[in-house]
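Source file input30.cif; content: mmCIF, C-alpha atoms.
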```cif
data_input
#
loop_
_atom_site.label_atom_id
_atom_site.label_comp_id
_atom_site.auth_asym_id
_atom_site.auth_seq_id
_atom_site.Cartn_x
_atom_site.Cartn_y
_atom_site.Cartn_z
CA MET A 221 181.14 175.83 -98.46
CA VAL A 222 182.27 177.03 -95.04
CA ALA A 223 184.19 174.41 -93.11
CA GLU A 224 182.35 174.97 -89.84
CA GLY A 225 179.26 173.44 -91.43
CA VAL A 226 180.91 170.00 -91.32
CA ALA A 227 180.66 167.85 -88.20
CA ALA A 228 183.74 165.72 -87.49
CA ARG A 229 183.89 162.39 -85.71
CA PRO A 230 184.71 162.91 -82.00
CA GLY A 231 188.46 162.94 -81.38
CA ALA A 232 189.39 162.84 -85.06
CA HIS A 233 192.13 165.06 -86.48
CA THR A 234 190.42 167.89 -88.30
CA LEU A 235 191.17 170.79 -90.61
CA LEU A 236 187.72 172.23 -90.01
CA ALA A 237 189.11 175.44 -88.52
CA ASN A 238 189.88 176.52 -92.10
CA THR A 239 188.20 176.65 -95.46
CA LEU A 240 190.15 175.38 -98.48
CA ILE A 241 191.81 178.29 -100.29
CA CYS A 242 192.65 178.02 -103.97
CA PHE A 243 195.06 180.36 -105.76
CA VAL A 244 194.37 180.95 -109.43
CA LEU A 245 197.33 181.67 -111.70
CA VAL A 246 196.52 183.53 -114.93
CA ASP A 247 199.01 184.08 -117.78
CA PRO A 248 199.03 186.92 -120.37
CA GLN A 249 196.94 184.76 -122.75
CA SER A 250 194.18 184.51 -120.08
CA ARG A 251 194.88 180.82 -119.51
CA HIS A 252 194.62 179.78 -115.90
CA ALA A 253 195.64 177.05 -113.48
CA PHE A 254 194.50 176.28 -109.96
CA CYS A 255 196.83 175.79 -107.00
CA SER A 256 195.49 174.59 -103.64
CA LEU A 257 196.25 172.26 -100.77
CA TYR A 258 194.66 169.49 -102.79
CA ASP A 259 197.53 169.65 -105.28
CA VAL A 260 200.09 168.74 -102.61
CA GLU A 261 197.89 166.70 -100.25
CA PRO A 262 195.27 164.72 -102.21
CA GLY A 263 191.89 164.85 -100.54
CA PRO A 264 189.31 164.81 -99.46
CA ILE A 265 190.94 167.60 -97.45
CA LEU A 266 188.04 167.66 -94.96
CA GLY A 267 187.61 163.91 -95.17
CA ASP A 268 187.20 163.39 -91.43
CA GLY A 269 183.76 165.02 -91.55
CA ASP A 270 180.93 162.50 -91.64
CA SER A 271 177.91 164.80 -91.56
CA LEU A 272 176.77 168.39 -91.85
CA THR A 273 175.67 170.21 -88.72
CA PRO A 274 171.94 170.71 -88.13
CA GLU A 275 172.48 174.43 -88.77
CA ALA A 276 174.02 173.75 -92.20
CA MET A 277 171.28 171.30 -93.17
CA GLY A 278 168.67 173.76 -91.94
CA ALA A 279 170.10 176.45 -94.22
CA ILE A 280 169.94 174.05 -97.17
CA GLY A 281 166.35 173.10 -96.33
CA ARG A 282 165.31 176.76 -96.24
CA SER A 283 166.91 177.45 -99.62
CA ARG A 284 165.16 177.21 -102.94
CA ALA A 285 168.15 175.60 -104.63
CA LEU A 286 171.48 173.99 -103.80
CA PHE A 287 174.34 174.23 -106.31
CA ILE A 288 177.05 171.56 -106.02
CA ASN A 289 180.30 171.83 -107.95
CA GLY A 290 182.61 168.87 -108.57
CA PHE A 291 185.44 170.60 -106.73
CA ILE A 292 183.69 169.58 -103.49
CA PHE A 293 185.19 166.13 -104.08
CA ASP A 294 188.51 167.77 -103.12
CA GLU A 295 187.11 168.66 -99.70
CA LEU A 296 184.56 166.06 -98.60
CA SER A 297 184.12 162.32 -98.94
CA PRO A 298 181.94 161.05 -101.82
CA GLY A 299 179.58 159.42 -99.34
CA LEU A 300 178.95 162.65 -97.43
CA ILE A 301 178.42 164.61 -100.65
CA GLU A 302 175.84 162.10 -101.81
CA ARG A 303 174.02 162.06 -98.45
CA VAL A 304 173.74 165.85 -98.42
CA ALA A 305 172.40 165.87 -101.98
CA VAL A 306 169.79 163.21 -101.21
CA SER A 307 168.72 165.05 -98.04
CA ALA A 308 168.38 168.31 -99.97
CA LYS A 309 166.08 166.63 -102.47
CA GLU A 310 164.00 165.10 -99.70
CA MET A 311 163.54 168.58 -98.20
CA GLY A 312 162.24 169.87 -101.52
CA THR A 313 165.34 171.89 -102.44
CA VAL A 314 166.14 172.14 -106.15
CA LEU A 315 169.45 170.36 -106.77
CA MET A 316 171.91 171.66 -109.38
CA PHE A 317 175.15 169.85 -110.20
CA ASP A 318 178.18 170.93 -112.23
CA PRO A 319 180.72 168.07 -112.29
CA GLY A 320 183.51 170.49 -113.24
CA PRO A 321 187.01 169.56 -114.40
CA ARG A 322 187.51 167.12 -111.50
CA CYS A 323 185.11 164.74 -113.27
CA LEU A 324 187.75 164.08 -115.94
CA SER A 325 189.90 162.15 -113.46
CA ILE A 326 187.03 160.83 -111.32
CA MET A 327 185.14 159.32 -114.24
CA ALA A 328 188.37 157.82 -115.59
CA GLY A 329 188.74 155.95 -112.31
CA ALA A 330 191.86 157.81 -111.23
CA ARG A 331 190.10 159.07 -108.09
CA PRO A 332 187.35 157.75 -105.82
CA GLY A 333 183.87 159.13 -106.26
CA ARG A 334 182.80 157.79 -109.64
CA GLU A 335 179.63 156.11 -108.33
CA ALA A 336 178.69 159.11 -106.17
CA MET A 337 179.16 161.46 -109.11
CA GLN A 338 176.99 159.28 -111.34
CA ARG A 339 174.26 159.25 -108.68
CA LEU A 340 174.48 163.02 -108.30
CA ILE A 341 173.99 163.39 -112.04
CA GLY A 342 170.93 161.15 -111.87
CA ILE A 343 169.14 162.89 -108.98
CA SER A 344 169.94 166.51 -109.89
CA ASP A 345 167.17 168.67 -111.29
CA VAL A 346 169.71 170.61 -113.38
CA VAL A 347 173.06 169.34 -114.73
CA LEU A 348 175.59 171.72 -116.28
CA ALA A 349 178.88 170.74 -117.92
CA THR A 350 181.41 171.87 -120.49
CA ARG A 351 181.60 169.89 -123.71
CA GLU A 352 184.66 167.97 -122.40
CA GLU A 353 183.03 167.26 -119.05
CA ALA A 354 179.79 166.14 -120.68
CA ALA A 355 181.75 163.67 -122.81
CA ALA A 356 183.55 162.34 -119.73
CA ILE A 357 180.35 161.65 -117.78
CA SER A 358 178.36 160.24 -120.70
CA GLY A 359 180.99 158.54 -122.85
CA ARG A 360 179.62 160.35 -125.92
CA ASP A 361 181.29 162.97 -128.09
CA ASP A 362 178.30 164.88 -129.50
CA PRO A 363 177.04 167.59 -127.07
CA HIS A 364 173.40 166.85 -127.92
CA GLY A 365 174.00 163.14 -127.40
CA CYS A 366 175.63 163.89 -124.04
CA ALA A 367 172.64 165.92 -122.87
CA GLU A 368 170.16 163.28 -124.01
CA TRP A 369 172.17 160.62 -122.20
CA VAL A 370 171.82 162.56 -118.93
CA LEU A 371 168.05 162.94 -119.37
CA GLN A 372 167.44 159.36 -120.49
CA LYS A 373 169.74 157.41 -118.17
CA SER A 374 167.94 154.91 -115.95
CA GLY A 375 166.14 156.57 -113.06
CA SER A 376 167.17 160.08 -114.11
CA GLU A 377 165.34 162.92 -112.36
CA THR A 378 167.07 165.64 -114.39
CA LYS A 379 164.77 168.28 -115.88
CA TRP A 380 167.41 170.46 -117.61
CA CYS A 381 170.81 169.49 -118.98
CA LEU A 382 173.07 172.24 -120.33
CA VAL A 383 176.31 171.81 -122.24
CA LYS A 384 178.60 174.85 -122.38
CA MET A 385 180.69 175.24 -125.53
CA GLY A 386 182.63 178.43 -124.83
CA GLU A 387 182.59 180.97 -127.64
CA LYS A 388 180.23 178.70 -129.60
CA GLY A 389 177.52 179.22 -126.99
CA ALA A 390 175.52 176.65 -125.05
CA ILE A 391 172.76 174.11 -125.59
CA LEU A 392 169.89 173.21 -123.28
CA HIS A 393 167.92 169.98 -123.40
CA ALA A 394 164.82 170.01 -121.21
CA ARG A 395 162.59 167.08 -120.37
CA HIS A 396 159.27 167.27 -122.26
CA ALA A 397 160.52 170.20 -124.41
CA PRO A 398 159.86 169.81 -128.16
CA GLY A 399 163.56 170.09 -128.96
CA PRO A 400 166.95 171.39 -127.82
CA LEU A 401 167.77 175.08 -127.51
CA LEU A 402 170.97 176.72 -128.71
CA VAL A 403 172.20 180.18 -127.80
CA ARG A 404 175.21 181.48 -129.69
CA GLY A 405 178.29 182.78 -127.93
CA VAL A 406 178.65 186.43 -127.02
CA GLN A 407 181.63 188.25 -128.52
CA VAL A 408 183.41 190.08 -125.70
CA GLU A 409 186.98 191.06 -124.94
CA VAL A 410 188.12 188.19 -122.72
CA SER A 411 190.28 189.15 -119.76
CA ASP A 412 189.97 186.07 -117.58
CA THR A 413 187.66 183.05 -117.81
CA VAL A 414 187.94 182.12 -114.11
CA GLY A 415 184.45 182.08 -112.61
CA CYS A 416 182.60 182.04 -115.94
CA GLY A 417 181.13 178.59 -115.32
CA ASP A 418 179.82 179.49 -111.87
CA SER A 419 178.45 182.77 -113.23
CA PHE A 420 176.66 180.89 -116.00
CA ALA A 421 175.23 178.55 -113.35
CA ALA A 422 173.92 181.53 -111.35
CA GLY A 423 171.90 182.66 -114.36
CA VAL A 424 170.55 179.14 -114.84
CA ALA A 425 169.63 178.90 -111.16
CA LEU A 426 167.70 182.15 -111.30
CA GLY A 427 165.83 181.13 -114.43
CA TYR A 428 165.01 177.65 -113.15
CA ILE A 429 163.71 178.49 -109.69
CA GLU A 430 161.76 181.49 -110.99
CA GLY A 431 160.09 179.35 -113.66
CA TRP A 432 161.36 181.39 -116.61
CA ASP A 433 160.92 180.31 -120.20
CA LEU A 434 163.86 178.26 -121.47
CA GLU A 435 165.06 180.81 -124.01
CA GLY A 436 165.20 183.65 -121.52
CA ALA A 437 167.02 181.58 -118.90
CA LEU A 438 169.65 180.39 -121.38
CA GLU A 439 170.21 183.86 -122.83
CA LEU A 440 170.67 185.30 -119.34
CA ALA A 441 173.08 182.55 -118.25
CA ASN A 442 175.18 183.02 -121.37
CA ALA A 443 175.30 186.80 -120.85
CA VAL A 444 176.30 186.48 -117.19
CA GLY A 445 179.12 184.08 -118.10
CA ALA A 446 180.37 186.38 -120.87
CA ALA A 447 180.24 189.44 -118.61
CA THR A 448 182.43 187.66 -116.05
CA ALA A 449 185.01 186.89 -118.75
CA MET A 450 185.40 190.62 -119.31
CA GLY A 451 186.83 191.12 -115.82
CA ARG A 452 189.72 189.53 -113.94
CA GLY A 453 189.24 187.18 -111.03
CA ALA A 454 186.20 185.53 -109.51
CA GLY A 455 184.57 186.08 -106.13
CA ARG A 456 183.34 189.67 -105.98
CA ASN A 457 184.83 190.39 -109.40
CA VAL A 458 182.23 188.42 -111.34
CA ALA A 459 179.69 189.97 -113.73
CA SER A 460 178.05 193.24 -112.79
CA THR A 461 174.37 193.87 -113.49
CA SER A 462 175.26 196.74 -115.83
CA ASP A 463 177.57 194.54 -117.93
CA VAL A 464 174.93 191.82 -118.19
CA LEU A 465 172.26 194.30 -119.26
CA HIS A 466 174.64 195.80 -121.84
CA ILE A 467 175.38 192.38 -123.35
CA LEU A 468 171.69 191.49 -123.52
CA THR A 469 170.79 194.73 -125.29
CA ASP A 470 173.74 194.88 -127.69
CA GLY A 471 174.03 193.13 -131.03
CA ARG A 472 171.02 190.81 -130.91
CA THR A 473 168.72 190.76 -133.93
CA GLY A 474 166.19 188.53 -135.64
CA GLU A 475 164.88 185.45 -133.86
CA ALA A 476 167.27 185.89 -130.93
CA ARG A 477 165.62 189.18 -130.06
CA ARG A 478 162.50 187.65 -128.52
CA SER A 479 164.42 185.47 -126.04
CA VAL A 480 166.68 188.40 -125.15
CA GLU A 481 163.70 190.62 -124.41
CA SER A 482 162.31 187.81 -122.26
CA ALA A 483 165.58 187.57 -120.33
CA LEU A 484 165.73 191.35 -119.86
CA SER A 485 162.17 191.53 -118.60
CA LEU A 486 162.63 188.64 -116.21
CA LEU A 487 165.98 189.92 -114.94
CA ARG A 488 164.61 193.38 -114.23
CA SER A 489 161.60 191.98 -112.40
CA SER A 490 163.88 189.78 -110.30
CA LEU A 491 166.12 192.73 -109.42
CA GLU A 492 163.06 194.60 -108.21
CA GLY A 493 161.61 191.63 -106.38
CA SER A 494 162.61 188.78 -104.16
CA SER A 495 165.98 187.85 -102.70
CA LEU A 496 167.11 184.41 -103.82
CA GLY A 497 168.86 181.89 -101.61
CA VAL A 498 171.16 179.51 -103.49
CA PRO A 499 173.93 178.16 -101.23
CA THR A 500 176.95 176.70 -103.02
CA VAL A 501 178.79 173.49 -102.17
CA GLY A 502 182.16 173.24 -103.87
#
```
Can you present the structure in this file as structure tokens?
Amino acid sequence: MVAEGVAARPGAHTLLANTLICFVLVDPQSRHAFCSLYDVEPGPILGDGDSLTPEAMGAIGRSRALFINGFIFDELSPGLIERVAVSAKEMGTVLMFDPGPRCLSIMAGARPGREAMQRLIGISDVVLATREEAAAISGRDDPHGCAEWVLQKSGSETKWCLVKMGEKGAILHARHAPGPLLVRGVQVEVSDTVGCGDSFAAGVALGYIEGWDLEGALELANAVGAATAMGRGAGRNVASTSDVLHILTDGRTGEARRSVESALSLLRSSLEGSSLGVPTVG
């Protein structure tokens, strides 16, 4: 999220001239660690902002979906994050939330934001989490139990809950669906896993806002995440269309074939069709 979209209190000290930069350190075994201002100056780094500018809120209102990642708790106050999410929903914007690794400390009470994070989980149309993150937010160990907890918690508005399990694949529980979906992991040569979660989320966002069938959306998301792992670095180094198409057409047989063909058809039609606006917060 660009810092200039945050409005500061008059006269308050502000870091809004800059956007938080995070350096990612990757070792020869493809393990990574993050290094940012947050690690030496606990946030929220942009904590003196108490609202988003009308321009920023207008952009969110014109978008079909808003993706919020838990890292935003490093930058903005829990109250502001929650207000933006509620406003987005009121404007009819699809809300997607990935609590990310920050939820491990937030949900344990080591950092402020626990209540805001729980409310975000409850009002989001789509919730995505790794197996460890899902356990942290739900208090359950079984991935299917975690997903059901998200859908069934009091007042929940969540339509899809996805739990990512790395090389074992991912599961999707959807409200009113006859049962959970599982897509197996894609075997690729892993270079760097940085950005895989956000890439997976991009595939989910496309499938959800375009109204795809569940199998096709999950297959696409899994392929996009795997394709990103083949490269090094995030940002503009995430999955290419050619890599995603190659993964979807390679090595799938039997029952998986139908959902892959669905994902391929839907992806190609989207590439030929509309442009999709999904701003990211976090």
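Between CA of Glu352 in chain A and CA of Val414 in chain A there is a distance of 16.7 Å.
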Pick the closest to Pro274 in chain A from A:Val370, A:Ser307, A:Ala356, A:His396: which is it, counting all atoms listed in the file?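 Of the candidates, the smallest distance to Pro274 in chain A is held by A:Ser307.
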Could you list the residues chosen by the PyMOL selection byres ((chain A and resi 320) around 8) in this structure as number ranges by chain? A: 289-291, 318-319, 321-323, 349-350, 353
For Ala355 in chain A, the nearest of the candidates A:Leu300, A:Met327, A:Ala441, A:Val244, counting all atoms listed in the file: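 Looking at the shortest contact to Ala355 in chain A, the residue is A:Met327.
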Ranking A:Ser411, A:Pro298, A:Asp345, A:Glu275 by minimum distance to Val246 in chain A and counting only C-alpha atoms, which one comes first?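 Distance minimum relative to Val246 in chain A lands on A:Ser411.
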Determine, counting only C-alpha atoms, which protein, DNA and RNA residues have an atom within 10 Å of an atom of Met316 in chain A; residues of the same chain fewer than 4 positions away are not included. Present the result as number ranges by chain. A: 285-289, 305, 340-341, 343-348, 378, 380-381, 421, 424-425, 428, 498, 500
Check which residues satisfy the PyMOL selection byres ((chain A and resi 395) around 12) in the file shown, then give them as a PyMOL selection string. chain A and resi 345-346+367-372+376-382+392-394+396-401+434
Work out how far CA of Ile467 in chain A is from CA of Ala443 in chain A, in Å to one decimal. 6.1 Å
Distance cut-off 9 Å, centre (199.0, 181.8, -107.6) in file coordinates, counting all atoms listed in the file: which residues qualify? Return them as number ranges by chain. A: 242-246, 253-256
Which value, in Å to one decimal, gives the distance between CA of Ile301 in chain A and CA of Met277 in chain A?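 CA of Met277 in chain A lies 12.3 Å from CA of Ile301 in chain A.
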When distances are computed from all atoms listed in the file, which of A:Ala279, A:Ile429, A:Val410, A:Leu438 shows the smallest separation from Gly389 in chain A?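 For Gly389 in chain A, the nearest of the given residues is A:Leu438.
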